[in-house]
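What follows is the content of entry.tsv (TSV, C-alpha atoms).
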chain	number	residue	atom	x	y	z
J	1	MET	CA	64.25	-33.01	-2.56
J	2	ASN	CA	67.11	-33.86	-0.22
J	3	PRO	CA	67.97	-37.54	-0.17
J	4	PRO	CA	68.42	-38.84	3.36
J	5	GLN	CA	72.03	-39.23	4.41
J	6	ILE	CA	70.98	-42.05	6.71
J	7	SER	CA	69.24	-45.37	6.03
J	8	ILE	CA	67.88	-48.20	8.12
J	9	GLY	CA	70.81	-50.08	9.64
J	10	ASP	CA	73.02	-46.96	9.86
J	11	GLN	CA	74.38	-45.47	13.07
J	12	VAL	CA	72.65	-42.15	13.74
J	13	PRO	CA	75.14	-39.26	14.02
J	14	ASP	CA	75.41	-37.79	17.49
J	15	ILE	CA	74.34	-34.21	16.84
J	16	SER	CA	73.53	-32.00	19.81
J	17	LEU	CA	70.50	-29.68	19.59
J	18	PRO	CA	69.01	-27.23	22.09
J	19	ALA	CA	66.01	-28.71	23.95
J	20	SER	CA	62.88	-27.24	25.49
J	21	ASN	CA	64.39	-27.75	28.97
J	22	GLY	CA	67.09	-25.19	28.06
J	23	LYS	CA	69.89	-27.76	27.78
J	24	PRO	CA	71.59	-29.26	24.73
J	25	VAL	CA	70.53	-32.85	24.01
J	26	SER	CA	72.46	-35.49	22.04
J	27	LEU	CA	71.26	-38.93	21.03
J	28	SER	CA	74.21	-40.42	22.95
J	29	ASP	CA	72.48	-39.14	26.12
J	30	TYR	CA	70.02	-42.02	25.57
J	31	GLN	CA	72.50	-44.83	24.87
J	32	GLY	CA	70.91	-48.10	26.03
J	33	ARG	CA	67.34	-46.91	25.37
J	34	LYS	CA	65.18	-46.85	22.27
J	35	VAL	CA	64.56	-43.35	20.91
J	36	VAL	CA	61.53	-42.20	18.96
J	37	LEU	CA	62.38	-39.06	16.95
J	38	PHE	CA	59.39	-37.36	15.43
J	39	PHE	CA	59.98	-34.47	13.05
J	40	TYR	CA	57.08	-32.06	12.59
J	41	PRO	CA	56.73	-28.78	10.65
J	42	LYS	CA	55.56	-26.17	13.15
J	43	ASN	CA	54.42	-25.63	16.73
J	44	MET	CA	50.80	-24.60	17.39
J	45	THR	CA	49.47	-25.70	13.99
J	46	PRO	CA	46.45	-28.06	14.04
J	47	THR	CA	48.04	-31.25	12.67
J	48	CYS	CA	51.31	-30.79	14.57
J	49	THR	CA	49.37	-30.19	17.77
J	50	GLU	CA	47.31	-33.34	17.16
J	51	GLU	CA	50.50	-35.35	16.60
J	52	ALA	CA	52.30	-33.90	19.65
J	53	CYS	CA	49.25	-34.60	21.83
J	54	SER	CA	49.05	-38.19	20.51
J	55	PHE	CA	52.65	-38.77	21.62
J	56	ARG	CA	51.72	-37.12	24.95
J	57	ASP	CA	48.68	-39.38	25.38
J	58	TYR	CA	50.73	-42.54	24.70
J	59	TYR	CA	53.82	-41.31	26.55
J	60	GLY	CA	53.39	-43.67	29.53
J	61	GLU	CA	53.04	-46.70	27.27
J	62	LEU	CA	55.99	-45.62	25.12
J	63	GLN	CA	58.12	-45.25	28.27
J	64	GLU	CA	56.96	-48.63	29.60
J	65	ALA	CA	58.06	-50.13	26.27
J	66	GLY	CA	61.51	-48.65	26.94
J	67	ALA	CA	61.43	-45.69	24.57
J	68	VAL	CA	62.37	-42.04	24.92
J	69	VAL	CA	60.32	-39.59	22.81
J	70	LEU	CA	61.89	-36.48	21.24
J	71	GLY	CA	60.01	-34.04	19.00
J	72	ILE	CA	62.01	-31.97	16.49
J	73	SER	CA	61.03	-28.92	14.46
J	74	PRO	CA	62.80	-25.84	13.13
J	75	ASP	CA	60.95	-23.64	15.66
J	76	PRO	CA	63.05	-21.62	18.13
J	77	LEU	CA	63.27	-22.69	21.80
J	78	LYS	CA	60.90	-19.92	22.96
J	79	SER	CA	58.18	-21.36	20.70
J	80	HIS	CA	58.91	-24.91	21.96
J	81	THR	CA	58.52	-23.74	25.56
J	82	LYS	CA	55.10	-22.19	24.83
J	83	PHE	CA	53.99	-25.31	22.93
J	84	THR	CA	55.18	-27.64	25.73
J	85	ASP	CA	53.46	-25.55	28.42
J	86	LYS	CA	50.19	-25.08	26.53
J	87	TYR	CA	49.71	-28.80	25.80
J	88	SER	CA	51.53	-30.30	28.85
J	89	LEU	CA	53.96	-32.22	26.67
J	90	PRO	CA	55.98	-34.59	28.92
J	91	TYR	CA	58.88	-35.09	26.48
J	92	LEU	CA	61.56	-32.74	25.16
J	93	LEU	CA	61.23	-30.75	21.95
J	94	LEU	CA	64.48	-30.08	20.10
J	95	SER	CA	65.09	-26.96	18.07
J	96	ASP	CA	66.65	-27.67	14.66
J	97	GLU	CA	66.66	-24.10	13.33
J	98	GLU	CA	69.65	-24.79	11.04
J	99	HIS	CA	68.11	-28.10	9.82
J	100	ARG	CA	71.24	-30.07	10.75
J	101	LEU	CA	69.42	-33.22	11.89
J	102	SER	CA	66.48	-32.69	9.50
J	103	GLU	CA	68.81	-32.80	6.50
J	104	ILE	CA	70.59	-35.94	7.71
J	105	PHE	CA	67.21	-37.70	7.93
J	106	GLY	CA	66.13	-36.23	4.57
J	107	VAL	CA	63.01	-34.57	5.99
J	108	TRP	CA	63.95	-30.96	5.09
J	109	GLN	CA	62.39	-30.80	1.64
J	110	MET	CA	60.69	-28.61	-0.93
J	111	LYS	CA	56.97	-28.49	-0.14
J	112	LYS	CA	53.98	-26.97	-1.90
J	113	MET	CA	50.91	-25.32	-0.36
J	114	PHE	CA	48.33	-23.20	-2.18
J	115	GLY	CA	50.62	-23.18	-5.23
J	116	ARG	CA	53.54	-21.73	-3.26
J	117	GLU	CA	56.80	-23.67	-2.97
J	118	TYR	CA	58.93	-23.47	0.17
J	119	MET	CA	61.41	-25.54	2.19
J	120	GLY	CA	60.03	-27.28	5.26
J	121	ILE	CA	59.84	-30.41	7.37
J	122	VAL	CA	58.03	-33.43	5.96
J	123	ARG	CA	56.30	-35.06	8.96
J	124	SER	CA	58.31	-38.22	9.69
J	125	THR	CA	59.16	-40.49	12.62
J	126	PHE	CA	62.23	-42.63	13.23
J	127	LEU	CA	62.97	-45.40	15.71
J	128	ILE	CA	66.55	-45.73	16.93
J	129	ASP	CA	67.62	-48.81	18.90
J	130	GLU	CA	69.61	-49.02	22.13
J	131	GLU	CA	72.93	-48.96	20.22
J	132	GLY	CA	72.08	-45.83	18.21
J	133	THR	CA	71.13	-47.64	14.98
J	134	LEU	CA	68.18	-46.52	12.85
J	135	VAL	CA	65.78	-49.50	12.82
J	136	ARG	CA	62.44	-48.12	11.53
J	137	GLU	CA	61.15	-45.09	9.67
J	138	TRP	CA	57.76	-43.65	8.89
J	139	ARG	CA	57.89	-40.94	6.22
J	140	LYS	CA	55.09	-38.57	5.16
J	141	VAL	CA	53.17	-39.53	8.29
J	142	LYS	CA	49.40	-39.33	8.58
J	143	VAL	CA	48.66	-38.62	12.25
J	144	LYS	CA	45.63	-40.88	12.79
J	145	GLY	CA	46.83	-44.23	14.18
J	146	HIS	CA	50.51	-43.28	13.81
J	147	VAL	CA	51.60	-43.35	17.45
J	148	GLU	CA	49.90	-46.74	17.88
J	149	ALA	CA	51.96	-48.07	14.94
J	150	VAL	CA	55.16	-46.68	16.50
J	151	LEU	CA	54.30	-48.28	19.86
J	152	GLU	CA	53.64	-51.62	18.15
J	153	ALA	CA	57.06	-51.44	16.41
J	154	ILE	CA	58.80	-50.71	19.72
J	155	LYS	CA	57.16	-53.71	21.38
J	156	SER	CA	57.98	-56.12	18.53

Full structure transcribed into structure tokens:
Amino acid sequence: MNPPQISIGDQVPDISLPASNGKPVSLSDYQGRKVVLFFYPKNMTPTCTEEACSFRDYYGELQEAGAVVLGISPDPLKSHTKFTDKYSLPYLLLSDEEHRLSEIFGVWQMKKMFGREYMGIVRSTFLIDEEGTLVREWRKVKVKGHVEAVLEAIKS
């Protein structure tokens, strides 16, 4: 298990990743706004789709609360584009194929399914404040009620 290299109260490193709009995106692009980063394992899988659609459904409220939403997975951009188009996702998806940001947040970990071990993303969400400081984290997220909890944290 990779320990996170970042903790609550730390400045989030300004790593640039390719986004579903075809352009590189850095956290510094959102200086002055709250950023919700949600890491998820894989496009088009049932739970990841449910989570992505929850963020889509609450997108207006999250924006009204002053937050930018960014989804991150190790999927390639082509897959992100299909996922975004199929489910009308209004926010950018970032491609972390080399796990650069995933490892900093400690979400690239050994996982187990059907007795098989493999490295993958542990579903997690992070809230970064207007100055680029990590202020909240939700690790090993269960999707039901999660986006509502994130919205509540942004408003408080």

*Mind giving me the straight-line distance from CA of Asp75 (chain J) to CA of Gly132 (chain J) in Å, one decimal?*
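Spanning CA of Asp75 (chain J) to CA of Gly132 (chain J) is a straight-line distance of 25.0 Å.
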
*Residues at most 12 Å from Lys155 (chain J), counting only C-alpha atoms, excluding those fewer than 4 positions away in the same chain, as a ChimeraX atom specification?*
/J:34,61-67,127,129,148-151

*Can you work out which one of J:Pro76, J:Ile128, J:Glu152, J:Arg139 has the shortest atom-to-atom distance to Ser95 (chain J), counting all atoms listed in the file?*
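Closest to Ser95 (chain J) of all the choices is J:Pro76.
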
_Exercise: Pro74 (chain J) partners within 8 Å, all atoms listed in the file, chain neighbours under 3 positions left out, as a ChimeraX atom specification_ = /J:41-42,95-99,121

Selection export as a short mmCIF file (atom, residue, chain, number, x, y, z; two decimals), in the coordinates of the input, atoms kept: C-alpha atoms:
data_model
loop_
_atom_site.label_atom_id
_atom_site.label_comp_id
_atom_site.auth_asym_id
_atom_site.auth_seq_id
_atom_site.Cartn_x
_atom_site.Cartn_y
_atom_site.Cartn_z
CA PRO J 41 56.73 -28.78 10.65
CA LYS J 42 55.56 -26.17 13.15
CA SER J 95 65.09 -26.96 18.07
CA ASP J 96 66.65 -27.67 14.66
CA GLU J 97 66.66 -24.10 13.33
CA GLU J 98 69.65 -24.79 11.04
CA HIS J 99 68.11 -28.10 9.82
CA ILE J 121 59.84 -30.41 7.37
#

*Grab the CA of Leu134 (chain J) to CA of Ile8 (chain J) distance for me, in Å with one decimal place.*
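These atoms are spaced 5.0 Å apart.
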
Can you take the partial region 133-144 of chain J, add all heavy atoms, and return it as a PDB file, in the frame of the given file?
ATOM      1  N   THR J 133      71.334 -47.253  16.382  1.00  0.00           N
ATOM      2  CA  THR J 133      71.130 -47.640  14.980  1.00  0.00           C
ATOM      3  C   THR J 133      69.692 -47.343  14.575  1.00  0.00           C
ATOM      4  O   THR J 133      68.758 -47.644  15.320  1.00  0.00           O
ATOM      5  CB  THR J 133      71.410 -49.156  14.806  1.00  0.00           C
ATOM      6  OG1 THR J 133      72.741 -49.428  15.247  1.00  0.00           O
ATOM      7  CG2 THR J 133      71.262 -49.585  13.352  1.00  0.00           C
ATOM      8  N   LEU J 134      69.524 -46.765  13.383  1.00  0.00           N
ATOM      9  CA  LEU J 134      68.180 -46.520  12.850  1.00  0.00           C
ATOM     10  C   LEU J 134      67.564 -47.864  12.468  1.00  0.00           C
ATOM     11  O   LEU J 134      68.130 -48.605  11.656  1.00  0.00           O
ATOM     12  CB  LEU J 134      68.262 -45.600  11.627  1.00  0.00           C
ATOM     13  CG  LEU J 134      66.936 -45.256  10.960  1.00  0.00           C
ATOM     14  CD1 LEU J 134      66.029 -44.502  11.925  1.00  0.00           C
ATOM     15  CD2 LEU J 134      67.170 -44.435   9.701  1.00  0.00           C
ATOM     16  N   VAL J 135      66.402 -48.192  13.079  1.00  0.00           N
ATOM     17  CA  VAL J 135      65.780 -49.500  12.820  1.00  0.00           C
ATOM     18  C   VAL J 135      64.427 -49.408  12.108  1.00  0.00           C
ATOM     19  O   VAL J 135      64.008 -50.372  11.467  1.00  0.00           O
ATOM     20  CB  VAL J 135      65.647 -50.347  14.108  1.00  0.00           C
ATOM     21  CG1 VAL J 135      67.021 -50.786  14.598  1.00  0.00           C
ATOM     22  CG2 VAL J 135      64.896 -49.626  15.201  1.00  0.00           C
ATOM     23  N   ARG J 136      63.731 -48.286  12.223  1.00  0.00           N
ATOM     24  CA  ARG J 136      62.440 -48.120  11.530  1.00  0.00           C
ATOM     25  C   ARG J 136      62.260 -46.670  11.134  1.00  0.00           C
ATOM     26  O   ARG J 136      62.784 -45.767  11.791  1.00  0.00           O
ATOM     27  CB  ARG J 136      61.268 -48.483  12.459  1.00  0.00           C
ATOM     28  CG  ARG J 136      61.004 -49.935  12.726  1.00  0.00           C
ATOM     29  CD  ARG J 136      60.472 -50.756  11.556  1.00  0.00           C
ATOM     30  NE  ARG J 136      59.215 -50.311  10.993  1.00  0.00           N
ATOM     31  CZ  ARG J 136      58.021 -50.743  11.378  1.00  0.00           C
ATOM     32  NH1 ARG J 136      57.898 -51.620  12.342  1.00  0.00           N
ATOM     33  NH2 ARG J 136      56.928 -50.305  10.784  1.00  0.00           N
ATOM     34  N   GLU J 137      61.493 -46.462  10.068  1.00  0.00           N
ATOM     35  CA  GLU J 137      61.150 -45.090   9.670  1.00  0.00           C
ATOM     36  C   GLU J 137      59.740 -45.045   9.124  1.00  0.00           C
ATOM     37  O   GLU J 137      59.258 -46.000   8.526  1.00  0.00           O
ATOM     38  CB  GLU J 137      62.160 -44.544   8.655  1.00  0.00           C
ATOM     39  CG  GLU J 137      62.247 -45.322   7.355  1.00  0.00           C
ATOM     40  CD  GLU J 137      63.299 -44.787   6.397  1.00  0.00           C
ATOM     41  OE1 GLU J 137      64.255 -44.133   6.829  1.00  0.00           O
ATOM     42  OE2 GLU J 137      63.147 -45.045   5.195  1.00  0.00           O
ATOM     43  N   TRP J 138      59.094 -43.941   9.411  1.00  0.00           N
ATOM     44  CA  TRP J 138      57.760 -43.650   8.890  1.00  0.00           C
ATOM     45  C   TRP J 138      57.874 -42.280   8.245  1.00  0.00           C
ATOM     46  O   TRP J 138      58.064 -41.279   8.928  1.00  0.00           O
ATOM     47  CB  TRP J 138      56.723 -43.603  10.009  1.00  0.00           C
ATOM     48  CG  TRP J 138      56.486 -44.904  10.711  1.00  0.00           C
ATOM     49  CD1 TRP J 138      55.496 -45.810  10.445  1.00  0.00           C
ATOM     50  CD2 TRP J 138      57.211 -45.448  11.821  1.00  0.00           C
ATOM     51  NE1 TRP J 138      55.573 -46.874  11.316  1.00  0.00           N
ATOM     52  CE2 TRP J 138      56.622 -46.674  12.167  1.00  0.00           C
ATOM     53  CE3 TRP J 138      58.323 -45.000  12.563  1.00  0.00           C
ATOM     54  CZ2 TRP J 138      57.090 -47.467  13.212  1.00  0.00           C
ATOM     55  CZ3 TRP J 138      58.797 -45.791  13.599  1.00  0.00           C
ATOM     56  CH2 TRP J 138      58.182 -47.015  13.906  1.00  0.00           C
ATOM     57  N   ARG J 139      57.764 -42.217   6.946  1.00  0.00           N
ATOM     58  CA  ARG J 139      57.890 -40.940   6.220  1.00  0.00           C
ATOM     59  C   ARG J 139      56.518 -40.482   5.742  1.00  0.00           C
ATOM     60  O   ARG J 139      55.639 -41.289   5.502  1.00  0.00           O
ATOM     61  CB  ARG J 139      58.863 -41.091   5.054  1.00  0.00           C
ATOM     62  CG  ARG J 139      60.293 -41.360   5.548  1.00  0.00           C
ATOM     63  CD  ARG J 139      61.287 -41.435   4.397  1.00  0.00           C
ATOM     64  NE  ARG J 139      62.622 -41.688   4.908  1.00  0.00           N
ATOM     65  CZ  ARG J 139      63.459 -40.738   5.329  1.00  0.00           C
ATOM     66  NH1 ARG J 139      63.107 -39.478   5.292  1.00  0.00           N
ATOM     67  NH2 ARG J 139      64.651 -41.055   5.792  1.00  0.00           N
ATOM     68  N   LYS J 140      56.367 -39.173   5.595  1.00  0.00           N
ATOM     69  CA  LYS J 140      55.090 -38.570   5.160  1.00  0.00           C
ATOM     70  C   LYS J 140      53.944 -39.110   6.006  1.00  0.00           C
ATOM     71  O   LYS J 140      52.958 -39.631   5.497  1.00  0.00           O
ATOM     72  CB  LYS J 140      54.868 -38.797   3.666  1.00  0.00           C
ATOM     73  CG  LYS J 140      55.928 -38.124   2.818  1.00  0.00           C
ATOM     74  CD  LYS J 140      55.687 -38.287   1.344  1.00  0.00           C
ATOM     75  CE  LYS J 140      56.794 -37.575   0.583  1.00  0.00           C
ATOM     76  NZ  LYS J 140      56.913 -37.977  -0.782  1.00  0.00           N
ATOM     77  N   VAL J 141      54.093 -38.977   7.300  1.00  0.00           N
ATOM     78  CA  VAL J 141      53.170 -39.530   8.290  1.00  0.00           C
ATOM     79  C   VAL J 141      51.781 -38.902   8.227  1.00  0.00           C
ATOM     80  O   VAL J 141      51.652 -37.690   8.099  1.00  0.00           O
ATOM     81  CB  VAL J 141      53.780 -39.327   9.703  1.00  0.00           C
ATOM     82  CG1 VAL J 141      52.747 -39.533  10.791  1.00  0.00           C
ATOM     83  CG2 VAL J 141      54.974 -40.228   9.901  1.00  0.00           C
ATOM     84  N   LYS J 142      50.774 -39.757   8.320  1.00  0.00           N
ATOM     85  CA  LYS J 142      49.400 -39.330   8.580  1.00  0.00           C
ATOM     86  C   LYS J 142      49.203 -39.559  10.078  1.00  0.00           C
ATOM     87  O   LYS J 142      49.513 -40.635  10.588  1.00  0.00           O
ATOM     88  CB  LYS J 142      48.390 -40.164   7.787  1.00  0.00           C
ATOM     89  CG  LYS J 142      48.586 -40.088   6.282  1.00  0.00           C
ATOM     90  CD  LYS J 142      48.128 -38.765   5.712  1.00  0.00           C
ATOM     91  CE  LYS J 142      48.326 -38.687   4.223  1.00  0.00           C
ATOM     92  NZ  LYS J 142      49.301 -37.693   3.807  1.00  0.00           N
ATOM     93  N   VAL J 143      48.683 -38.580  10.790  1.00  0.00           N
ATOM     94  CA  VAL J 143      48.660 -38.620  12.250  1.00  0.00           C
ATOM     95  C   VAL J 143      47.768 -39.722  12.821  1.00  0.00           C
ATOM     96  O   VAL J 143      48.146 -40.418  13.750  1.00  0.00           O
ATOM     97  CB  VAL J 143      48.278 -37.236  12.825  1.00  0.00           C
ATOM     98  CG1 VAL J 143      48.098 -37.306  14.323  1.00  0.00           C
ATOM     99  CG2 VAL J 143      49.344 -36.214  12.465  1.00  0.00           C
ATOM    100  N   LYS J 144      46.583 -39.915  12.236  1.00  0.00           N
ATOM    101  CA  LYS J 144      45.630 -40.880  12.790  1.00  0.00           C
ATOM    102  C   LYS J 144      46.241 -42.292  12.826  1.00  0.00           C
ATOM    103  O   LYS J 144      46.651 -42.829  11.810  1.00  0.00           O
ATOM    104  CB  LYS J 144      44.352 -40.871  11.953  1.00  0.00           C
ATOM    105  CG  LYS J 144      43.221 -41.650  12.589  1.00  0.00           C
ATOM    106  CD  LYS J 144      41.903 -41.273  11.935  1.00  0.00           C
ATOM    107  CE  LYS J 144      40.743 -42.063  12.477  1.00  0.00           C
ATOM    108  NZ  LYS J 144      40.586 -42.025  13.914  1.00  0.00           N
TER     109      LYS J 144
END
